[in-house]
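Below is one structure, written out as structure tokens, with a few remarks after it.
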Amino acid sequence: MSFLVPTLSRYFFRRYMLTFVTYCLAVLFLIFLVDFNESSRRLSAAAEYTVLTGLLISLLRVPTVLQVVIPFVVLIASIATLLQLNRKYELVVTRAAGVSAWQFLAPLVIANLMIGVLSITALNTLAANALQYAETIVVERNLGMRQTNTAVPWLRQRTAEGDTVVGARATAAGGTRLSGATFFLFDADQRISERLEVGEAVLGDGVWELTDVKRIRSGEPVERLQATTVPTNLKAEFVGESLTSPETVPFFELGGKIATAKSFGLPATSYEMQFHRLVAQPALLAAMTLIAAMVSLKFVRFGQSFTAILGGILAGFVLYVVSELIQAFANAGTIPPVVAAWLPVVVASALGTTVLLHKEDG
């Protein structure tokens, strides 16, 4: 028995990793196809859009989407692995040899902890850099002007010339390059004096440098300008904190982003939520293993059940929905980000452990 458990652990570990990689590749291909279809719909009207550009942008976005769906991949791969072992009666023989469920689940838990660590280090860094590059392509080729149904980030600046509200469909270079930007210029009475629709805006030294500008003033015809400037007192660091998405910041830079945002008096909730969510991810993936086992161990004793498999997948989906809902509350400042990140992990772990203890130990 002393040599049996290590041997089985290595065998179960290899079987699970092979299944995980297979499902992961299938999900990656599906993500790529769906994102390419959506990108084509939103960007194809742009003059500089090509199929190769769309393929590249979708490929660069794949790692970011994979970070979101990786808990589902882990759940499905865990269930599939245990079902494969069950169909070949390997789990039956293992349990008959006196190996408990906790022992043969340990390799899967360890594998998912490793996947979680790789996810928040290597995958997150790759995803953040790739997404930044994708945003740069959108800005450089003026594709951001054609995006629809996109949340536009806004910021307000105050100068001696008056207030200006700035928004953009797409940002790059830490928020200092804007594509599809809109500038609302206010007069001394806080009424909009003019509106600038801008192809591209770059933050320079004390000015926004605008190109491909459409100036709109009340009671006057629309004026088109090749280039113009708008005064600003905004610093690149402040703009970056206001317009940069947390998904474009690598894990190891989030701490600095949080500190910088707070130093400017800006809310850092989204960055804090991203940081704690990534830290909690290895534990969440381990909890997904317990949920999969909660369903799969029933097959060993009572036979396979499609309803039970569907129940396991449904449990993972409900956990995801609850996680997203809690995250929305955290971003709104209702609950602390650390609580929002770890509460789903604690609930899933407690549920899985309780059910397994009941099944195994009575």
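Naming scheme: A, B, ... for chains in displayed order of the structure tokens; residues 1 onward per chain; ligands 1 onward as shown.
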Could you give me, as a count of residues only, each residue of range 164-305 of chain A that DSSP assigns to helix (DSSP H, G or I) when run on this structure's backbone?
58
If DSSP is run on the backbone, what residues of range 103-340 of chain A are strand (DSSP E or B)? A reply as an MDAnalysis selection string would be ideal.
chainID A and resid 154:159 162:172 177:186 192:203 207:216 223:231
Can you pull out every residue within 12 Å of range 314-331 of chain A, counting only C-alpha atoms, but drop anything in the same chain fewer than 2 positions away, and send it as a PyMOL selection string?
chain A and resi 68-76+78-79+246+267-274+276-277+280-281+284-285+287-292+294-295+307-312+333-349+351-352
Convert the current residue selection to file output with C-alpha atoms, as an mmCIF file, in the first residue's frame.
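Output below, filename again-v3.cif:
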```
data_model
loop_
_atom_site.group_PDB
_atom_site.id
_atom_site.type_symbol
_atom_site.label_atom_id
_atom_site.label_comp_id
_atom_site.auth_asym_id
_atom_site.auth_seq_id
_atom_site.Cartn_x
_atom_site.Cartn_y
_atom_site.Cartn_z
ATOM 1 C CA VAL A 68 -12.704 34.049 -17.263
ATOM 2 C CA VAL A 69 -13.823 30.577 -18.371
ATOM 3 C CA ILE A 70 -10.976 28.529 -16.916
ATOM 4 C CA PRO A 71 -13.024 27.546 -13.817
ATOM 5 C CA PHE A 72 -15.578 25.966 -16.174
ATOM 6 C CA VAL A 73 -12.843 24.151 -18.057
ATOM 7 C CA VAL A 74 -11.501 22.795 -14.759
ATOM 8 C CA LEU A 75 -14.967 21.684 -13.651
ATOM 9 C CA ILE A 76 -15.753 19.892 -16.910
ATOM 10 C CA SER A 78 -12.549 17.074 -13.528
ATOM 11 C CA ILE A 79 -15.952 15.508 -14.142
ATOM 12 C CA PRO A 246 -7.884 46.302 -15.000
ATOM 13 C CA PRO A 267 -11.396 54.834 -6.634
ATOM 14 C CA ALA A 268 -9.216 51.729 -6.965
ATOM 15 C CA THR A 269 -12.053 49.248 -6.436
ATOM 16 C CA SER A 270 -11.839 47.680 -9.890
ATOM 17 C CA TYR A 271 -8.087 47.128 -9.551
ATOM 18 C CA GLU A 272 -8.498 45.716 -6.033
ATOM 19 C CA MET A 273 -11.251 43.399 -7.237
ATOM 20 C CA GLN A 274 -9.060 42.152 -10.068
ATOM 21 C CA HIS A 276 -8.098 39.615 -5.072
ATOM 22 C CA ARG A 277 -9.963 37.664 -7.754
ATOM 23 C CA ALA A 280 -8.305 33.542 -5.038
ATOM 24 C CA GLN A 281 -8.296 31.726 -8.383
ATOM 25 C CA LEU A 284 -11.478 28.457 -6.662
ATOM 26 C CA LEU A 285 -10.136 25.862 -9.108
ATOM 27 C CA ALA A 287 -13.081 24.044 -5.068
ATOM 28 C CA MET A 288 -14.278 23.155 -8.572
ATOM 29 C CA THR A 289 -12.582 19.781 -8.117
ATOM 30 C CA LEU A 290 -14.643 19.173 -4.977
ATOM 31 C CA ILE A 291 -17.845 20.079 -6.808
ATOM 32 C CA ALA A 292 -16.954 17.657 -9.603
ATOM 33 C CA MET A 294 -19.421 15.660 -5.234
ATOM 34 C CA VAL A 295 -21.239 14.536 -8.371
ATOM 35 C CA THR A 307 -29.075 14.241 -14.485
ATOM 36 C CA ALA A 308 -26.288 14.207 -11.914
ATOM 37 C CA ILE A 309 -23.709 15.294 -14.503
ATOM 38 C CA LEU A 310 -25.972 18.139 -15.566
ATOM 39 C CA GLY A 311 -26.413 19.027 -11.906
ATOM 40 C CA GLY A 312 -22.651 19.331 -11.450
ATOM 41 C CA GLY A 333 -18.464 49.750 -3.326
ATOM 42 C CA THR A 334 -21.189 47.823 -1.484
ATOM 43 C CA ILE A 335 -18.894 45.100 -0.146
ATOM 44 C CA PRO A 336 -15.093 44.908 0.204
ATOM 45 C CA PRO A 337 -13.296 43.401 -2.830
ATOM 46 C CA VAL A 338 -11.501 40.803 -0.695
ATOM 47 C CA VAL A 339 -14.852 39.499 0.571
ATOM 48 C CA ALA A 340 -16.312 39.441 -2.944
ATOM 49 C CA ALA A 341 -13.325 37.468 -4.255
ATOM 50 C CA TRP A 342 -13.157 34.862 -1.507
ATOM 51 C CA LEU A 343 -16.830 34.348 -0.608
ATOM 52 C CA PRO A 344 -17.611 32.107 -3.642
ATOM 53 C CA VAL A 345 -14.466 30.078 -2.894
ATOM 54 C CA VAL A 346 -15.475 29.541 0.725
ATOM 55 C CA VAL A 347 -19.050 28.600 -0.201
ATOM 56 C CA ALA A 348 -17.981 26.148 -2.936
ATOM 57 C CA SER A 349 -15.309 24.560 -0.738
ATOM 58 C CA LEU A 351 -20.405 22.691 0.052
ATOM 59 C CA GLY A 352 -18.088 20.221 -1.661
#
```
Given only C-alpha atoms as the counted atoms, nearest of A:Ser263, A:Val62, A:Gln67, A:Val93 to Leu118 in chain A:
A:Gln67
In Å to one decimal, how far is CA of Leu155 in chain A from CA of Thr228 in chain A?
19.7 Å
Please build the interface table for range 201-271 of chain A against range 158-182 of chain A with a cut-off of 12 Å, listing for each qualifying residue the nearest atom pair and the distance in Å to one decimal; count only C-alpha atoms, order rows by chain and increasing number, and write it as a Markdown table.
```
| residue | atom | partner | partner_atom | distance |
| --- | --- | --- | --- | --- |
| A:Ala201 | CA | A:Leu178 | CA | 5.0 |
| A:Val202 | CA | A:Arg177 | CA | 4.6 |
| A:Leu203 | CA | A:Thr176 | CA | 5.1 |
| A:Gly204 | CA | A:Thr176 | CA | 8.4 |
| A:Asp205 | CA | A:Thr176 | CA | 11.3 |
| A:Gly206 | CA | A:Thr159 | CA | 10.1 |
| A:Val207 | CA | A:Thr159 | CA | 10.6 |
| A:Trp208 | CA | A:Thr176 | CA | 9.1 |
| A:Glu209 | CA | A:Arg177 | CA | 9.6 |
| A:Leu210 | CA | A:Ala181 | CA | 9.2 |
| A:Thr211 | CA | A:Ser179 | CA | 10.0 |
| A:Asp212 | CA | A:Gly180 | CA | 10.0 |
| A:Val213 | CA | A:Ala181 | CA | 9.5 |
| A:Lys214 | CA | A:Thr182 | CA | 9.7 |
| A:Arg215 | CA | A:Thr182 | CA | 10.1 |
| A:Ile216 | CA | A:Thr182 | CA | 10.9 |
| A:Val230 | CA | A:Thr164 | CA | 8.8 |
| A:Pro231 | CA | A:Thr159 | CA | 7.2 |
| A:Thr232 | CA | A:Thr159 | CA | 6.3 |
| A:Asn233 | CA | A:Thr159 | CA | 6.5 |
| A:Leu234 | CA | A:Arg158 | CA | 8.8 |
| A:Lys235 | CA | A:Thr176 | CA | 9.2 |
| A:Ala236 | CA | A:Thr176 | CA | 6.3 |
| A:Glu237 | CA | A:Gly174 | CA | 8.1 |
| A:Phe238 | CA | A:Gly175 | CA | 9.1 |
| A:Val239 | CA | A:Gly175 | CA | 5.8 |
| A:Gly240 | CA | A:Gly175 | CA | 4.7 |
| A:Glu241 | CA | A:Gly175 | CA | 7.9 |
| A:Ser242 | CA | A:Gly175 | CA | 7.8 |
| A:Leu243 | CA | A:Gly175 | CA | 5.3 |
| A:Thr244 | CA | A:Gly175 | CA | 5.6 |
| A:Ser245 | CA | A:Gly174 | CA | 9.0 |
| A:Pro246 | CA | A:Gly174 | CA | 10.9 |
| A:Thr248 | CA | A:Gly174 | CA | 9.0 |
| A:Val249 | CA | A:Gly174 | CA | 9.4 |
| A:Lys257 | CA | A:Gly174 | CA | 11.2 |
```
Atomic separation - CA of Pro6 in chain A relative to CA of Ala111 in chain A, Å
14.4 Å
Non-local contacts of Val34 in chain A (12 Å; only C-alpha atoms; under 4 positions in same chain excluded) as a PyMOL selection string
chain A and resi 27-30+38-41+54-55+58-59+61-62+65
I'd like the interatomic distance between CA of Ser193 in chain A and CA of Gly219 in chain A, to a tenth of an Å.
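The value is 10.9 Å.
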